[in-house]
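Engineer: Structure file start-v5.tsv (TSV, C-alpha atoms) right here:
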```
chain	number	residue	atom	x	y	z
A	1112	VAL	CA	94.02	77.30	96.55
A	1113	LEU	CA	92.61	77.24	93.01
A	1114	GLU	CA	91.32	80.29	91.13
A	1115	GLY	CA	89.50	81.18	87.94
A	1116	LEU	CA	89.60	84.07	85.51
A	1117	THR	CA	86.88	85.94	87.41
A	1118	LYS	CA	85.57	86.15	90.96
A	1119	ILE	CA	81.93	86.02	92.03
A	1120	ASN	CA	81.44	88.42	94.93
A	1121	VAL	CA	79.01	88.05	97.83
A	1122	ASP	CA	76.61	90.51	96.19
A	1123	GLY	CA	76.62	88.52	92.93
A	1124	THR	CA	78.80	90.93	90.98
A	1125	VAL	CA	81.64	89.53	88.90
A	1126	THR	CA	85.11	91.08	89.08
A	1127	PRO	CA	88.51	90.19	87.61
A	1128	LEU	CA	90.71	87.62	89.34
A	1129	LEU	CA	93.31	85.88	87.17
A	1130	ALA	CA	92.06	88.04	84.33
A	1131	GLU	CA	92.72	91.77	84.76
A	1132	SER	CA	89.84	92.57	82.45
A	1133	TRP	CA	87.67	91.20	79.68
A	1134	THR	CA	85.59	92.39	76.78
A	1135	MET	CA	82.67	90.80	74.97
A	1136	ASP	CA	82.05	91.17	71.25
A	1137	PRO	CA	78.66	92.71	70.39
A	1138	ASP	CA	77.29	89.34	69.27
A	1139	GLY	CA	77.94	87.85	72.74
A	1140	LYS	CA	79.89	84.95	71.23
A	1141	SER	CA	83.48	86.03	71.79
A	1142	TYR	CA	85.22	87.05	75.02
A	1143	THR	CA	88.75	88.41	75.21
A	1144	PHE	CA	90.41	88.02	78.61
A	1145	ARG	CA	93.56	90.03	79.47
A	1146	LEU	CA	95.50	88.02	82.04
A	1147	ARG	CA	97.43	89.28	85.06
A	1148	LYS	CA	101.18	89.37	84.62
A	1149	GLY	CA	103.57	88.07	87.27
A	1150	VAL	CA	101.19	85.44	88.72
A	1151	LYS	CA	102.79	82.14	89.70
A	1152	PHE	CA	101.46	78.75	90.66
A	1153	HIS	CA	102.41	77.53	94.13
A	1154	ASP	CA	105.19	75.38	92.64
A	1155	GLY	CA	106.81	78.45	91.05
A	1156	GLU	CA	105.53	77.87	87.50
A	1157	ALA	CA	104.40	81.04	85.73
A	1158	PHE	CA	100.69	81.45	84.94
A	1159	ASP	CA	99.85	82.34	81.34
A	1160	ALA	CA	97.40	81.89	78.49
A	1161	ALA	CA	98.65	78.37	77.76
A	1162	ASP	CA	97.42	77.29	81.23
A	1163	VAL	CA	93.94	78.66	80.52
A	1164	LYS	CA	93.84	76.88	77.17
A	1165	PHE	CA	95.03	73.61	78.75
A	1166	SER	CA	92.47	73.84	81.60
A	1167	PHE	CA	89.52	74.53	79.32
A	1168	GLU	CA	90.49	71.93	76.72
A	1169	ARG	CA	90.81	69.43	79.58
A	1170	ALA	CA	87.32	70.39	80.80
A	1171	LYS	CA	85.93	70.03	77.25
A	1172	ASP	CA	87.50	66.63	76.65
A	1173	ASP	CA	85.14	63.71	76.05
A	1174	LYS	CA	86.61	61.96	79.12
A	1175	SER	CA	86.12	65.01	81.35
A	1176	THR	CA	84.11	64.56	84.54
A	1177	ASN	CA	83.80	68.33	85.02
A	1178	LYS	CA	80.25	69.08	86.22
A	1179	ALA	CA	80.02	72.10	83.91
A	1180	LYS	CA	81.20	70.27	80.77
A	1181	LYS	CA	77.86	70.39	78.97
A	1182	ALA	CA	76.61	73.70	80.36
A	1183	VAL	CA	79.81	75.71	79.86
A	1184	PHE	CA	82.73	74.02	78.19
A	1185	ASP	CA	80.90	72.31	75.32
A	1186	ASN	CA	79.79	75.81	74.31
A	1187	ILE	CA	83.40	76.88	73.72
A	1188	ALA	CA	84.03	76.52	69.99
A	1189	ARG	CA	87.57	77.85	69.93
A	1190	ILE	CA	90.33	78.96	72.31
A	1191	ASP	CA	92.93	81.35	70.90
A	1192	THR	CA	96.03	82.57	72.71
A	1193	PRO	CA	97.52	85.37	70.58
A	1194	ASP	CA	100.09	86.09	73.31
A	1195	ALA	CA	101.00	84.90	76.80
A	1196	HIS	CA	98.55	87.27	78.49
A	1197	THR	CA	95.54	87.14	76.19
A	1198	VAL	CA	92.90	84.43	75.77
A	1199	ILE	CA	90.06	84.70	73.27
A	1200	LEU	CA	87.17	82.32	73.87
A	1201	THR	CA	84.75	81.95	70.98
A	1202	LEU	CA	81.42	80.38	71.88
A	1203	ASN	CA	79.01	78.38	69.75
A	1204	ASN	CA	76.09	80.27	71.32
A	1205	ALA	CA	75.99	83.68	72.99
A	1206	ASP	CA	76.12	83.49	76.80
A	1207	GLY	CA	75.73	86.69	78.79
A	1208	ASN	CA	76.50	84.74	81.96
A	1209	PHE	CA	79.90	83.61	80.69
A	1210	PRO	CA	81.99	85.93	82.93
A	1211	PHE	CA	80.00	84.61	85.93
A	1212	ARG	CA	80.63	81.03	84.84
A	1213	MET	CA	84.38	81.75	84.66
A	1214	GLY	CA	84.28	82.46	88.40
A	1215	GLU	CA	82.66	79.16	89.36
A	1216	ASN	CA	84.74	76.39	90.93
A	1217	THR	CA	84.37	74.28	87.78
A	1218	ALA	CA	86.43	76.85	85.81
A	1219	VAL	CA	89.63	76.97	87.87
A	1220	ILE	CA	92.95	77.22	86.07
A	1221	LEU	CA	95.46	74.39	86.45
A	1222	ASP	CA	99.10	74.06	85.50
A	1223	PRO	CA	99.62	71.19	83.02
A	1224	LYS	CA	102.60	69.93	85.06
A	1225	SER	CA	100.56	69.38	88.24
A	1226	ALA	CA	96.99	68.93	86.93
A	1227	ALA	CA	96.97	65.14	87.27
A	1228	GLY	CA	97.39	65.40	91.05
A	1229	THR	CA	94.79	68.10	91.65
A	1230	ALA	CA	92.29	65.80	93.39
A	1231	THR	CA	94.72	64.99	96.22
A	1232	LYS	CA	97.49	67.62	96.00
A	1233	PRO	CA	96.16	70.77	94.33
A	1234	VAL	CA	98.64	73.34	93.03
A	1235	GLY	CA	96.99	76.65	92.24
A	1236	THR	CA	97.57	80.39	92.17
A	1237	GLY	CA	95.41	81.27	95.18
A	1238	PRO	CA	96.13	83.00	98.47
A	1239	PHE	CA	96.59	79.67	100.26
A	1240	LYS	CA	98.82	76.71	99.43
A	1241	PHE	CA	97.80	73.13	100.04
A	1242	VAL	CA	99.86	71.40	102.78
A	1243	SER	CA	98.10	68.14	103.59
A	1244	TRP	CA	94.79	66.33	103.58
A	1245	SER	CA	93.65	63.37	105.65
A	1246	PRO	CA	90.25	62.40	104.19
A	1247	GLY	CA	87.53	62.57	106.83
A	1248	ASP	CA	89.93	64.13	109.34
A	1249	ARG	CA	91.72	67.34	108.39
A	1250	LEU	CA	92.83	69.75	105.69
A	1251	GLU	CA	95.82	72.03	106.20
A	1252	LEU	CA	96.58	75.18	104.20
A	1253	VAL	CA	99.35	77.76	104.55
A	1254	LYS	CA	99.62	81.38	103.38
A	1255	ASN	CA	100.98	81.89	99.86
A	1256	PRO	CA	103.70	84.51	100.47
A	1257	ASP	CA	103.91	85.20	96.72
A	1258	TYR	CA	100.21	85.89	96.20
A	1259	PHE	CA	99.70	88.61	93.58
A	1260	GLU	CA	97.27	90.66	95.71
A	1261	LYS	CA	99.54	92.36	98.23
A	1262	GLY	CA	98.24	92.21	101.80
A	1263	LEU	CA	96.35	88.98	101.19
A	1264	PRO	CA	95.71	86.59	102.69
A	1265	LYS	CA	95.41	88.02	106.16
A	1266	LEU	CA	95.78	84.62	107.85
A	1267	ASP	CA	99.02	82.64	108.01
A	1268	GLY	CA	97.12	79.46	107.31
A	1269	ASP	CA	94.27	77.28	108.44
A	1270	VAL	CA	93.58	73.77	109.58
A	1271	ALA	CA	90.07	72.44	109.08
A	1272	ARG	CA	89.33	69.50	111.34
A	1273	ARG	CA	86.34	67.24	111.46
A	1274	ASP	CA	84.83	67.11	114.91
A	1275	ARG	CA	84.73	63.58	116.17
A	1276	GLU	CA	82.46	61.87	118.60
A	1277	PRO	CA	84.20	60.91	121.86
A	1278	ALA	CA	85.33	57.29	122.06
A	1279	GLN	CA	82.85	55.10	123.91
```
Show me this structure written as structure tokens.

Structural biologist:
Amino acid sequence: VLEGLTKINVDGTVTPLLAESWTMDPDGKSYTFRLRKGVKFHDGEAFDAADVKFSFERAKDDKSTNKAKKAVFDNIARIDTPDAHTVILTLNNADGNFPFRMGENTAVILDPKSAAGTATKPVGTGPFKFVSWSPGDRLELVKNPDYFEKGLPKLDGDVARRDREPAQ
């Protein structure tokens, strides 16, 4: 449902996801991410650099409960968005693992219009859209027909159910 700038693959390699590519300055303190064009959130809102800036500033906020706040987001000194498809992240300290960290679930990109409801009704850019959630019972997802990677997802949806003990 929710995605980040990069993707961590099964073999540990990091590849582009919402970012098409990135470069690191020689000092290891500045990363420039080139974002995919044409990506939309499940509610139809366009994805762009402003969403990345919003998401990371939200994660850096003093009131943030993001588990990676201290390890990742407090290291971001500045977020520049020179255009709608470019984000430049300047770090306080060099971090060679930064592209990997951008693929972790703590670095997903949210739309400012729907971010407040993410805990119960997430709106992302991913291959599946959130349908419903009954805590302790079931989670229902449906295929995102507008997903940017053609041919994905291969499933029409999924329902995860908690197995219950038979009534006694």

Engineer: Within 12 Å of stretch 1171-1176 of chain A, counting all atoms listed in the file, which residues qualify if same-chain residues fewer than 3 places away don't, as number ranges by chain?

Structural biologist: A: 1164-1168, 1179-1190, 1217-1218

Engineer: Excluding stretch 1242-1257 of chain A and any residue of its chain fewer than 5 positions from it, enumerate the residues within 6 Å of it, using only C-alpha atoms, and give them as a compact mmCIF listing (two decimals) with C-alpha atoms, keeping the file's coordinate frame.

Structural biologist:
```txt
# COMPACT_ATOMS: atom_id res chain seq x y z
CA ASP A 1267 99.02 82.64 108.01
CA GLY A 1268 97.12 79.46 107.31
CA ASP A 1269 94.27 77.28 108.44
CA VAL A 1270 93.58 73.77 109.58
CA ALA A 1271 90.07 72.44 109.08
CA ARG A 1272 89.33 69.50 111.34
CA ARG A 1273 86.34 67.24 111.46
```

Engineer: Looking at A:Ser1141, A:Thr1201, A:Leu1116, A:Thr1124, which one is nearest to A:Asp1159, with distances taken over only C-alpha atoms?

Structural biologist: A:Leu1116

Engineer: With all atoms listed in the file as the atoms that count, which of A:Lys1265, A:His1196, A:Lys1178, A:Arg1212 lies nearest to A:Thr1126?

Structural biologist: A:Arg1212

Engineer: Kindly give the distance, in Å, that separates atom CA of A:Val1125 and atom CA of A:Gly1155, rounded to a single decimal.

Structural biologist: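 About the pair atom CA of A:Val1125 and atom CA of A:Gly1155: they are 27.6 Å apart.
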
Engineer: Would you mind listing what lies within 7 Å of stretch 1233-1239 of chain A as a list in words, with all atoms listed in the file counted and same-chain residues fewer than 5 positions away left out?

Structural biologist: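 Once the adjacent positions are removed, what remains is Val1112, Leu1113, Glu1114, Lys1151, Phe1152, His1153, Asp1154, Leu1221, Ser1225, Gly1228, Leu1252, Val1253, Lys1254, Asn1255, Tyr1258, Leu1263 and Pro1264 of chain A.
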
Engineer: Separation of atom CA of A:Asn1208 and atom CA of A:Ser1132, in Å?

Structural biologist: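 Answer for the atom CA of A:Asn1208 to atom CA of A:Ser1132 separation: 15.5 Å.
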
Engineer: For A:Tyr1142, please output as JSON, numbers by chain all residues within 8 Å (counting only C-alpha atoms; exclusion window: fewer than 2 positions along the same chain).

Structural biologist: {"A": [1133, 1134, 1135, 1136, 1139, 1140, 1144, 1199, 1200, 1201]}

Engineer: Quick check, in Å to one decimal: how far apart do atom CA of A:Asp1194 and atom CA of A:Ala1160 lie?

Structural biologist: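 Calculated distance between atom CA of A:Asp1194 and atom CA of A:Ala1160 is 7.2 Å.
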
Engineer: Using all atoms listed in the file, which residue out of A:Thr1197, A:Asp1138, A:Phe1241, A:Glu1215 lies closest to A:Thr1117?

Structural biologist: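 That would be A:Glu1215, the residue with the smallest distance to A:Thr1117.
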
Engineer: When you count only C-alpha atoms, which of these residues is closest to A:Val1198: A:Ala1230, A:Val1121, A:Ala1157, A:Val1163?

Structural biologist: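 When distances to A:Val1198 are compared using only C-alpha atoms, the smallest one comes from A:Val1163.
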